[in-house]
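Participant: Next up, data-v1.pdb (PDB, C-alpha atoms).
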```pdb
ATOM      1  CA  MET A   1     -19.079 -32.561 -19.015
ATOM      2  CA  ARG A   2     -15.439 -33.399 -18.378
ATOM      3  CA  ASP A   3     -14.464 -31.889 -21.720
ATOM      4  CA  LEU A   4     -16.459 -28.759 -20.889
ATOM      5  CA  ASP A   5     -14.852 -28.463 -17.444
ATOM      6  CA  LYS A   6     -11.410 -28.923 -18.988
ATOM      7  CA  ALA A   7     -12.141 -26.291 -21.625
ATOM      8  CA  LEU A   8     -13.311 -23.826 -18.971
ATOM      9  CA  ALA A   9     -10.226 -24.550 -16.876
ATOM     10  CA  ASP A  10      -8.006 -23.985 -19.905
ATOM     11  CA  ILE A  11      -9.722 -20.650 -20.579
ATOM     12  CA  VAL A  12      -9.126 -19.542 -16.983
ATOM     13  CA  THR A  13      -5.469 -20.576 -17.244
ATOM     14  CA  ILE A  14      -5.006 -18.718 -20.521
ATOM     15  CA  ARG A  15      -6.643 -15.576 -19.110
ATOM     16  CA  SER A  16      -4.364 -15.733 -16.081
ATOM     17  CA  GLN A  17      -1.286 -16.102 -18.277
ATOM     18  CA  ILE A  18      -2.348 -13.159 -20.444
ATOM     19  CA  ALA A  19      -3.011 -11.067 -17.338
ATOM     20  CA  ALA A  20       0.435 -11.957 -15.954
ATOM     21  CA  GLY A  21       2.054 -10.570 -19.108
ATOM     22  CA  THR A  22      -0.055  -7.404 -19.288
ATOM     23  CA  ALA A  23       0.850  -4.100 -17.628
ATOM     24  CA  PHE A  24      -1.714  -3.309 -14.941
ATOM     25  CA  ARG A  25      -3.354   0.110 -15.315
ATOM     26  CA  GLY A  26      -5.699  -0.067 -12.365
ATOM     27  CA  TYR A  27      -3.730   2.396 -10.228
ATOM     28  CA  GLY A  28      -4.301   6.082 -10.974
ATOM     29  CA  PRO A  29      -2.033   9.038 -10.095
ATOM     30  CA  ALA A  30      -4.824  11.151  -8.607
ATOM     31  CA  THR A  31      -5.803   8.492  -6.085
ATOM     32  CA  MET A  32      -2.179   8.006  -5.067
ATOM     33  CA  VAL A  33      -1.967  11.732  -4.348
ATOM     34  CA  ALA A  34      -5.231  11.488  -2.398
ATOM     35  CA  THR A  35      -3.844   8.699  -0.213
ATOM     36  CA  GLY A  36      -0.807  10.866   0.466
ATOM     37  CA  ALA A  37      -3.205  13.613   1.551
ATOM     38  CA  VAL A  38      -4.917  11.142   3.895
ATOM     39  CA  ALA A  39      -1.543  10.413   5.486
ATOM     40  CA  LEU A  40      -0.792  14.120   5.895
ATOM     41  CA  ILE A  41      -4.213  14.856   7.419
ATOM     42  CA  THR A  42      -3.842  11.925   9.812
ATOM     43  CA  ALA A  43      -0.411  13.136  10.924
ATOM     44  CA  VAL A  44      -1.651  16.704  11.463
ATOM     45  CA  LEU A  45      -4.719  15.556  13.433
ATOM     46  CA  GLN A  46      -2.619  13.310  15.644
ATOM     47  CA  PHE A  47      -0.095  16.105  16.188
ATOM     48  CA  TRP A  48      -2.931  18.323  17.421
ATOM     49  CA  LEU A  49      -5.003  15.748  19.308
ATOM     50  CA  LEU A  50      -2.469  13.303  20.789
ATOM     51  CA  ASP A  51      -0.353  14.946  23.453
ATOM     52  CA  ASP A  52       1.707  11.793  23.953
ATOM     53  CA  PRO A  53       1.393   9.216  21.141
ATOM     54  CA  THR A  54       3.758   6.856  22.984
ATOM     55  CA  GLY A  55       1.499   6.974  26.031
ATOM     56  CA  GLU A  56      -1.593   6.510  23.838
ATOM     57  CA  PRO A  57      -0.463   3.851  21.346
ATOM     58  CA  LEU A  58      -4.011   2.589  20.819
ATOM     59  CA  GLY A  59      -5.162   5.991  19.575
ATOM     60  CA  PHE A  60      -2.027   6.336  17.447
ATOM     61  CA  PHE A  61      -2.404   3.009  15.675
ATOM     62  CA  ILE A  62      -6.196   3.149  15.350
ATOM     63  CA  GLY A  63      -5.704   6.459  13.540
ATOM     64  CA  TRP A  64      -3.206   4.957  11.116
ATOM     65  CA  LEU A  65      -5.160   1.750  10.605
ATOM     66  CA  SER A  66      -8.203   3.890   9.788
ATOM     67  CA  ALA A  67      -6.107   5.880   7.317
ATOM     68  CA  ALA A  68      -4.878   2.625   5.751
ATOM     69  CA  VAL A  69      -8.425   1.258   5.416
ATOM     70  CA  LEU A  70      -9.659   4.510   3.853
ATOM     71  CA  SER A  71      -6.726   4.582   1.431
ATOM     72  CA  GLY A  72      -7.274   0.924   0.565
ATOM     73  CA  LEU A  73     -10.942   1.580  -0.195
ATOM     74  CA  MET A  74     -10.061   4.538  -2.402
ATOM     75  CA  ILE A  75      -7.489   2.514  -4.319
ATOM     76  CA  GLY A  76      -9.813  -0.497  -4.562
ATOM     77  CA  ILE A  77     -12.743   1.482  -5.938
ATOM     78  CA  GLU A  78     -10.577   3.186  -8.535
ATOM     79  CA  MET A  79      -8.773  -0.053  -9.357
ATOM     80  CA  ARG A  80     -12.057  -1.750 -10.201
ATOM     81  CA  ALA A  81     -13.316   1.136 -12.349
ATOM     82  CA  ARG A  82     -10.049   1.693 -14.222
ATOM     83  CA  SER A  83      -9.480  -2.021 -14.774
ATOM     84  CA  ARG A  84     -12.862  -2.395 -16.446
ATOM     85  CA  ARG A  85     -12.057   0.541 -18.734
ATOM     86  CA  HIS A  86      -8.490  -0.413 -19.591
ATOM     87  CA  HIS A  87      -8.523  -4.206 -19.374
ATOM     88  CA  SER A  88     -12.095  -5.064 -20.368
ATOM     89  CA  GLY A  89     -12.575  -8.839 -20.147
ATOM     90  CA  LEU A  90      -9.287  -9.292 -18.284
ATOM     91  CA  ALA A  91     -10.306  -6.882 -15.520
ATOM     92  CA  ASP A  92     -11.114  -9.494 -12.873
ATOM     93  CA  ALA A  93      -7.925 -11.465 -13.563
ATOM     94  CA  MET A  94      -5.826  -8.292 -13.438
ATOM     95  CA  ILE A  95      -7.387  -7.156 -10.155
ATOM     96  CA  HIS A  96      -6.905 -10.617  -8.644
ATOM     97  CA  GLN A  97      -3.258 -10.565  -9.684
ATOM     98  CA  ALA A  98      -2.674  -7.075  -8.237
ATOM     99  CA  VAL A  99      -4.289  -7.984  -4.910
ATOM    100  CA  GLU A 100      -2.426 -11.283  -4.773
ATOM    101  CA  GLN A 101       0.910  -9.490  -5.184
ATOM    102  CA  PHE A 102       0.344  -6.996  -2.367
ATOM    103  CA  LEU A 103      -1.772  -9.109  -0.007
ATOM    104  CA  PRO A 104       1.060 -10.927   1.831
ATOM    105  CA  ALA A 105       2.671  -7.634   2.862
ATOM    106  CA  GLY A 106      -0.688  -6.227   3.990
ATOM    107  CA  VAL A 107      -1.590  -9.292   6.052
ATOM    108  CA  ALA A 108       1.901  -9.361   7.568
ATOM    109  CA  GLY A 109       1.512  -5.709   8.611
ATOM    110  CA  VAL A 110      -1.782  -6.369  10.405
ATOM    111  CA  LEU A 111      -0.563  -9.546  12.122
ATOM    112  CA  LEU A 112       2.689  -7.869  13.136
ATOM    113  CA  ALA A 113       0.756  -5.056  14.813
ATOM    114  CA  VAL A 114      -1.499  -7.504  16.668
ATOM    115  CA  VAL A 115       1.376  -9.699  17.864
ATOM    116  CA  MET A 116       3.494  -6.753  18.994
ATOM    117  CA  TRP A 117       0.520  -5.169  20.763
ATOM    118  CA  LYS A 118      -0.377  -8.409  22.545
ATOM    119  CA  PHE A 119       3.033  -9.842  23.392
ATOM    120  CA  ALA A 120       5.653  -7.093  23.051
ATOM    121  CA  SER A 121       4.003  -3.711  23.595
ATOM    122  CA  GLU A 122       7.341  -2.211  24.607
ATOM    123  CA  THR A 123       8.498  -2.615  20.984
ATOM    124  CA  LEU A 124       5.594  -0.780  19.326
ATOM    125  CA  TRP A 125       7.914   2.103  18.479
ATOM    126  CA  LEU A 126       9.356  -0.189  15.783
ATOM    127  CA  LEU A 127       6.040  -0.595  13.980
ATOM    128  CA  PRO A 128       5.995   2.583  11.814
ATOM    129  CA  GLY A 129       9.353   1.676  10.284
ATOM    130  CA  LEU A 130       8.424  -1.985   9.870
ATOM    131  CA  TRP A 131       5.166  -1.035   8.146
ATOM    132  CA  GLN A 132       7.086   1.072   5.643
ATOM    133  CA  ILE A 133       9.463  -1.801   4.940
ATOM    134  CA  LEU A 134       6.483  -4.105   4.324
ATOM    135  CA  VAL A 135       4.961  -1.556   1.941
ATOM    136  CA  SER A 136       8.249  -1.515   0.042
ATOM    137  CA  LEU A 137       8.166  -5.315  -0.252
ATOM    138  CA  GLY A 138       4.584  -5.151  -1.542
ATOM    139  CA  ILE A 139       5.620  -2.621  -4.173
ATOM    140  CA  PHE A 140       8.625  -4.690  -5.230
ATOM    141  CA  ALA A 141       6.347  -7.726  -5.561
ATOM    142  CA  SER A 142       4.112  -5.688  -7.901
ATOM    143  CA  VAL A 143       6.913  -4.445 -10.166
ATOM    144  CA  ARG A 144       6.404  -7.224 -12.696
ATOM    145  CA  SER A 145       2.928  -5.915 -13.585
ATOM    146  CA  LEU A 146       3.590  -2.174 -13.185
ATOM    147  CA  PRO A 147       6.042   0.281 -14.772
ATOM    148  CA  ARG A 148       9.480  -0.810 -13.614
ATOM    149  CA  THR A 149      10.164   2.679 -12.294
ATOM    150  CA  VAL A 150       7.771   2.000  -9.391
ATOM    151  CA  ALA A 151      10.829   0.318  -7.898
ATOM    152  CA  PHE A 152      11.967   3.849  -6.975
ATOM    153  CA  ALA A 153       8.875   4.189  -4.766
ATOM    154  CA  GLY A 154       9.635   0.789  -3.257
ATOM    155  CA  ALA A 155      13.211   1.888  -2.618
ATOM    156  CA  TRP A 156      11.967   5.050  -0.895
ATOM    157  CA  TYR A 157       9.785   3.087   1.534
ATOM    158  CA  PHE A 158      12.605   0.588   2.123
ATOM    159  CA  VAL A 159      15.102   3.322   3.019
ATOM    160  CA  SER A 160      12.599   5.426   4.981
ATOM    161  CA  GLY A 161      11.516   2.376   6.992
ATOM    162  CA  PHE A 162      15.020   1.663   8.187
ATOM    163  CA  ALA A 163      15.674   5.382   8.759
ATOM    164  CA  VAL A 164      12.559   5.607  10.942
ATOM    165  CA  VAL A 165      13.667   2.562  12.952
ATOM    166  CA  VAL A 166      17.089   4.150  13.521
ATOM    167  CA  LEU A 167      15.616   7.517  14.527
ATOM    168  CA  ALA A 168      12.997   5.989  16.830
ATOM    169  CA  SER A 169      15.612   3.761  18.478
ATOM    170  CA  ARG A 170      17.101   6.843  20.142
ATOM    171  CA  THR A 171      13.961   7.632  22.124
ATOM    172  CA  HIS A 172      11.669   4.583  21.717
ATOM    173  CA  THR A 173       8.796   6.984  21.079
ATOM    174  CA  LEU A 174       6.029   7.237  18.504
ATOM    175  CA  SER A 175       5.587  10.306  16.302
ATOM    176  CA  PRO A 176       2.843  11.076  13.756
ATOM    177  CA  TRP A 177       5.496  12.498  11.438
ATOM    178  CA  THR A 178       7.489   9.262  11.190
ATOM    179  CA  MET A 179       4.382   7.802   9.573
ATOM    180  CA  GLY A 180       2.944  10.839   7.818
ATOM    181  CA  LEU A 181       5.935  12.338   6.015
ATOM    182  CA  PRO A 182       7.312   9.092   4.530
ATOM    183  CA  PHE A 183       3.879   8.171   3.180
ATOM    184  CA  VAL A 184       3.220  11.649   1.783
ATOM    185  CA  ILE A 185       6.529  11.513  -0.086
ATOM    186  CA  GLY A 186       6.184   7.858  -1.084
ATOM    187  CA  GLN A 187       2.648   8.211  -2.456
ATOM    188  CA  SER A 188       3.639  11.387  -4.316
ATOM    189  CA  VAL A 189       6.560   9.537  -5.896
ATOM    190  CA  MET A 190       4.231   6.707  -6.892
ATOM    191  CA  ALA A 191       1.754   9.162  -8.408
ATOM    192  CA  ALA A 192       4.469  10.882 -10.434
ATOM    193  CA  ILE A 193       5.800   7.549 -11.692
ATOM    194  CA  LEU A 194       2.348   6.365 -12.775
ATOM    195  CA  HIS A 195       1.612   9.691 -14.452
ATOM    196  CA  PHE A 196       4.804   9.884 -16.489
ATOM    197  CA  ALA A 197       4.941   6.149 -17.259
ATOM    198  CA  SER A 198       1.469   6.060 -18.762
ATOM    199  CA  GLY A 199       0.876   9.662 -19.739
ATOM    200  CA  ASP A 200      -2.291   9.342 -17.699
ATOM    201  CA  ASN A 201      -3.687  12.424 -16.022
ATOM    202  CA  ASP A 202      -6.958  10.790 -14.913
ATOM    203  CA  VAL A 203      -8.988  13.435 -16.720
ATOM    204  CA  GLU A 204      -9.807  11.357 -19.769
ATOM    205  CA  ASP A 205     -10.626   8.323 -17.625
TER     206      ASP A 205
END
```
What would the structure in this file look like if it were written as structure tokens?
Facilitator:
Amino acid sequence: MRDLDKALADIVTIRSQIAAGTAFRGYGPATMVATGAVALITAVLQFWLLDDPTGEPLGFFIGWLSAAVLSGLMIGIEMRARSRRHHSGLADAMIHQAVEQFLPAGVAGVLLAVVMWKFASETLWLLPGLWQILVSLGIFASVRSLPRTVAFAGAWYFVSGFAVVVLASRTHTLSPWTMGLPFVIGQSVMAAILHFASGDNDVED
């Protein structure tokens, strides 16, 4: 039994090593565009429905957390389907690796929102910019398994995050557009990079 357990452990290790050296094709351009559309729709709805986002921070952030959950579900569903088509037996290892690379940034974003809401609500105006910076760090962490040009998308979120912090520092207010526009542009850049890097138009998949 020990030999069998060791053999199984060795197989898992080998699969993980192969997955680490394989380009991940679980992200599709069409879904990236769709998540950008979710961001745009969320921004437009909040512009119409929230008269004062700064005075209604709960509604503002619930809207964006809902958009993030919806986008995550869309990406996750497509990631699973595409990974099984493109990576076959390595699909589970590839998905695990992709989630592992982005998870710290995602968890940090959620915890940061909770801590700021609970203990420093006067600083919530910083959160849109900080979220974008965390997204950029998640993208940079994923570069090793994606086309290297995705670093341009990471750079966009990095720059936009700091730009949003600087702009919001003048008024200490929340705006749907400081979330919506950067994510529309960033997700469109990511979609273009994935499309041209892989020649994938999602039609044949």
Participant: Specify as a VMD selection string each residue included when the PyMOL selection byres ((chain A and resi 48-55) around 9) is applied to this file.
Facilitator: chain A and resid 43 to 47 56 to 60 124 to 125 172 to 176
Participant: Put those residues in a file: C-alpha atoms, as a tab-separated table (two decimals), in the frame of the given file.
Facilitator:
```tsv
chain	number	residue	atom	x	y	z
A	43	ALA	CA	-0.41	13.14	10.92
A	44	VAL	CA	-1.65	16.70	11.46
A	45	LEU	CA	-4.72	15.56	13.43
A	46	GLN	CA	-2.62	13.31	15.64
A	47	PHE	CA	-0.10	16.10	16.19
A	56	GLU	CA	-1.59	6.51	23.84
A	57	PRO	CA	-0.46	3.85	21.35
A	58	LEU	CA	-4.01	2.59	20.82
A	59	GLY	CA	-5.16	5.99	19.58
A	60	PHE	CA	-2.03	6.34	17.45
A	124	LEU	CA	5.59	-0.78	19.33
A	125	TRP	CA	7.91	2.10	18.48
A	172	HIS	CA	11.67	4.58	21.72
A	173	THR	CA	8.80	6.98	21.08
A	174	LEU	CA	6.03	7.24	18.50
A	175	SER	CA	5.59	10.31	16.30
A	176	PRO	CA	2.84	11.08	13.76
```
Participant: CA of Phe158 (chain A) and CA of Val114 (chain A) are how many Å apart?
Facilitator: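 The value is 21.8 Å.
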Participant: I need the residue nearest Gly28 (chain A) from this list: A:Arg82, A:Ala68, A:Gly63, A:Arg170. Use only C-alpha atoms for the distance.
Facilitator: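 Closest residue, counting only C-alpha atoms: A:Arg82.
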Participant: Distance CA of Ile75 (chain A)-CA of Thr35 (chain A), one decimal place?
Facilitator: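 Distance reported for this atom pair: 8.3 Å.
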Participant: Do you have the CA of Ala30 (chain A)-CA of Thr42 (chain A) distance handy?
Facilitator: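 Distance reported for this atom pair: 18.5 Å.
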Participant: Looking at A:Phe183, A:Phe196, A:Phe102, A:Tyr27, which one is nearest to Ser142 (chain A), with distances taken over all atoms listed in the file?
Facilitator: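 Checking each candidate against Ser142 (chain A), we get A:Phe102 as the closest.
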Participant: I need every residue sitting at most 8 Å from the point (-1.5, 7.2, -3.0) (coordinates as in the file, all atoms listed in the file considered), written as a PDB file with C-alpha atoms, in the frame of the given file.
Facilitator:
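Below you can see result.pdb, which holds the result:
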```pdb
ATOM      1  CA  PRO A  29      -2.033   9.038 -10.095  1.00  0.00           C
ATOM      2  CA  ALA A  30      -4.824  11.151  -8.607  1.00  0.00           C
ATOM      3  CA  THR A  31      -5.803   8.492  -6.085  1.00  0.00           C
ATOM      4  CA  MET A  32      -2.179   8.006  -5.067  1.00  0.00           C
ATOM      5  CA  VAL A  33      -1.967  11.732  -4.348  1.00  0.00           C
ATOM      6  CA  ALA A  34      -5.231  11.488  -2.398  1.00  0.00           C
ATOM      7  CA  THR A  35      -3.844   8.699  -0.213  1.00  0.00           C
ATOM      8  CA  GLY A  36      -0.807  10.866   0.466  1.00  0.00           C
ATOM      9  CA  SER A  71      -6.726   4.582   1.431  1.00  0.00           C
ATOM     10  CA  ILE A  75      -7.489   2.514  -4.319  1.00  0.00           C
ATOM     11  CA  GLY A 186       6.184   7.858  -1.084  1.00  0.00           C
ATOM     12  CA  GLN A 187       2.648   8.211  -2.456  1.00  0.00           C
ATOM     13  CA  SER A 188       3.639  11.387  -4.316  1.00  0.00           C
ATOM     14  CA  MET A 190       4.231   6.707  -6.892  1.00  0.00           C
ATOM     15  CA  ALA A 191       1.754   9.162  -8.408  1.00  0.00           C
TER      16      ALA A 191
END
```
Participant: Between A:Trp177, A:Phe140, A:Phe119, A:Phe152, which one has atoms that come closest to Ala105 (chain A), using all atoms listed in the file?
Facilitator: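 Nearest candidate to Ala105 (chain A) out of A:Trp177, A:Phe140, A:Phe119, A:Phe152: A:Phe140.
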Participant: Determine the nearest neighbour of Leu130 (chain A) from the options A:Ile185, A:Leu73, A:Val166, A:Ala98, counting all atoms listed in the file.
Facilitator: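 Among the listed residues, A:Val166 lies closest to Leu130 (chain A).
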Participant: Looking at A:Ala155, A:Leu134, A:Val99, A:Ala163, which one is nearest to Gly72 (chain A), with distances taken over only C-alpha atoms?
Facilitator: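 Of all the options, A:Val99 lies closest to Gly72 (chain A).
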Participant: May I ask which of the residues A:Ala37, A:Val110, A:Leu167, A:Leu103 is the closest one to Phe61 (chain A), counting only C-alpha atoms?
Facilitator: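 Closest candidate: A:Val110.
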Participant: Build an axis-aligned box that encloses every atom of region 112-131 of chain A listed in the file, pad it by 3 Å on each side, and report its centre and edge lengths in Å to one decimal, as lines of an AutoDock Vina configuration file.
Facilitator:
```
center_x = 3.9
center_y = -3.6
center_z = 16.4
size_x = 16.9
size_y = 18.4
size_z = 22.5
```
Participant: Can I get region 158-169 of chain A with all heavy atoms filled in, as a short mmCIF file (atom, residue, chain, number, x, y, z; two decimals), in the coordinates of the input?
Facilitator:
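So the final result, stored in out.cif, reads:
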```cif
data_model
loop_
_atom_site.label_atom_id
_atom_site.label_comp_id
_atom_site.auth_asym_id
_atom_site.auth_seq_id
_atom_site.Cartn_x
_atom_site.Cartn_y
_atom_site.Cartn_z
N PHE A 158 11.60 1.47 1.51
CA PHE A 158 12.60 0.59 2.12
C PHE A 158 13.60 1.41 2.94
O PHE A 158 13.87 1.10 4.11
CB PHE A 158 13.33 -0.19 1.02
CG PHE A 158 14.19 -1.31 1.52
CD1 PHE A 158 13.63 -2.53 1.87
CD2 PHE A 158 15.57 -1.15 1.63
CE1 PHE A 158 14.43 -3.57 2.33
CE2 PHE A 158 16.37 -2.18 2.08
CZ PHE A 158 15.80 -3.40 2.44
N VAL A 159 14.12 2.48 2.33
CA VAL A 159 15.10 3.32 3.02
C VAL A 159 14.45 4.08 4.17
O VAL A 159 15.01 4.16 5.28
CB VAL A 159 15.75 4.31 2.03
CG1 VAL A 159 16.62 5.33 2.75
CG2 VAL A 159 16.58 3.55 0.99
N SER A 160 13.26 4.65 3.93
CA SER A 160 12.60 5.43 4.98
C SER A 160 12.24 4.54 6.17
O SER A 160 12.31 4.97 7.32
CB SER A 160 11.34 6.12 4.44
OG SER A 160 10.31 5.19 4.16
N GLY A 161 11.85 3.28 5.89
CA GLY A 161 11.52 2.38 6.99
C GLY A 161 12.69 2.14 7.92
O GLY A 161 12.56 2.24 9.15
N PHE A 162 13.84 1.87 7.35
CA PHE A 162 15.02 1.66 8.19
C PHE A 162 15.45 2.96 8.86
O PHE A 162 15.91 2.95 10.02
CB PHE A 162 16.16 1.07 7.36
CG PHE A 162 16.03 -0.40 7.13
CD1 PHE A 162 15.59 -0.90 5.91
CD2 PHE A 162 16.31 -1.30 8.15
CE1 PHE A 162 15.46 -2.26 5.70
CE2 PHE A 162 16.18 -2.68 7.95
CZ PHE A 162 15.75 -3.16 6.72
N ALA A 163 15.31 4.09 8.16
CA ALA A 163 15.67 5.38 8.76
C ALA A 163 14.78 5.69 9.96
O ALA A 163 15.25 6.17 11.00
CB ALA A 163 15.55 6.49 7.72
N VAL A 164 13.50 5.38 9.83
CA VAL A 164 12.56 5.61 10.94
C VAL A 164 12.92 4.71 12.13
O VAL A 164 12.87 5.16 13.29
CB VAL A 164 11.11 5.35 10.47
CG1 VAL A 164 10.16 5.21 11.67
CG2 VAL A 164 10.64 6.50 9.58
N VAL A 165 13.27 3.46 11.87
CA VAL A 165 13.67 2.56 12.95
C VAL A 165 14.89 3.12 13.67
O VAL A 165 14.95 3.13 14.92
CB VAL A 165 13.96 1.15 12.41
CG1 VAL A 165 14.65 0.29 13.48
CG2 VAL A 165 12.68 0.48 11.95
N VAL A 166 15.87 3.61 12.91
CA VAL A 166 17.09 4.15 13.52
C VAL A 166 16.77 5.39 14.35
O VAL A 166 17.24 5.53 15.50
CB VAL A 166 18.13 4.49 12.43
CG1 VAL A 166 19.30 5.27 13.04
CG2 VAL A 166 18.64 3.22 11.76
N LEU A 167 15.97 6.29 13.80
CA LEU A 167 15.62 7.52 14.53
C LEU A 167 14.82 7.22 15.79
O LEU A 167 15.07 7.79 16.85
CB LEU A 167 14.82 8.45 13.61
CG LEU A 167 15.59 9.10 12.46
CD1 LEU A 167 14.64 9.86 11.54
CD2 LEU A 167 16.66 10.04 13.00
N ALA A 168 13.84 6.31 15.68
CA ALA A 168 13.00 5.99 16.83
C ALA A 168 13.76 5.22 17.89
O ALA A 168 13.40 5.27 19.08
CB ALA A 168 11.78 5.18 16.38
N SER A 169 14.85 4.55 17.50
CA SER A 169 15.61 3.76 18.48
C SER A 169 16.29 4.65 19.52
O SER A 169 16.65 4.18 20.60
CB SER A 169 16.66 2.92 17.76
OG SER A 169 17.68 3.74 17.20
#
```
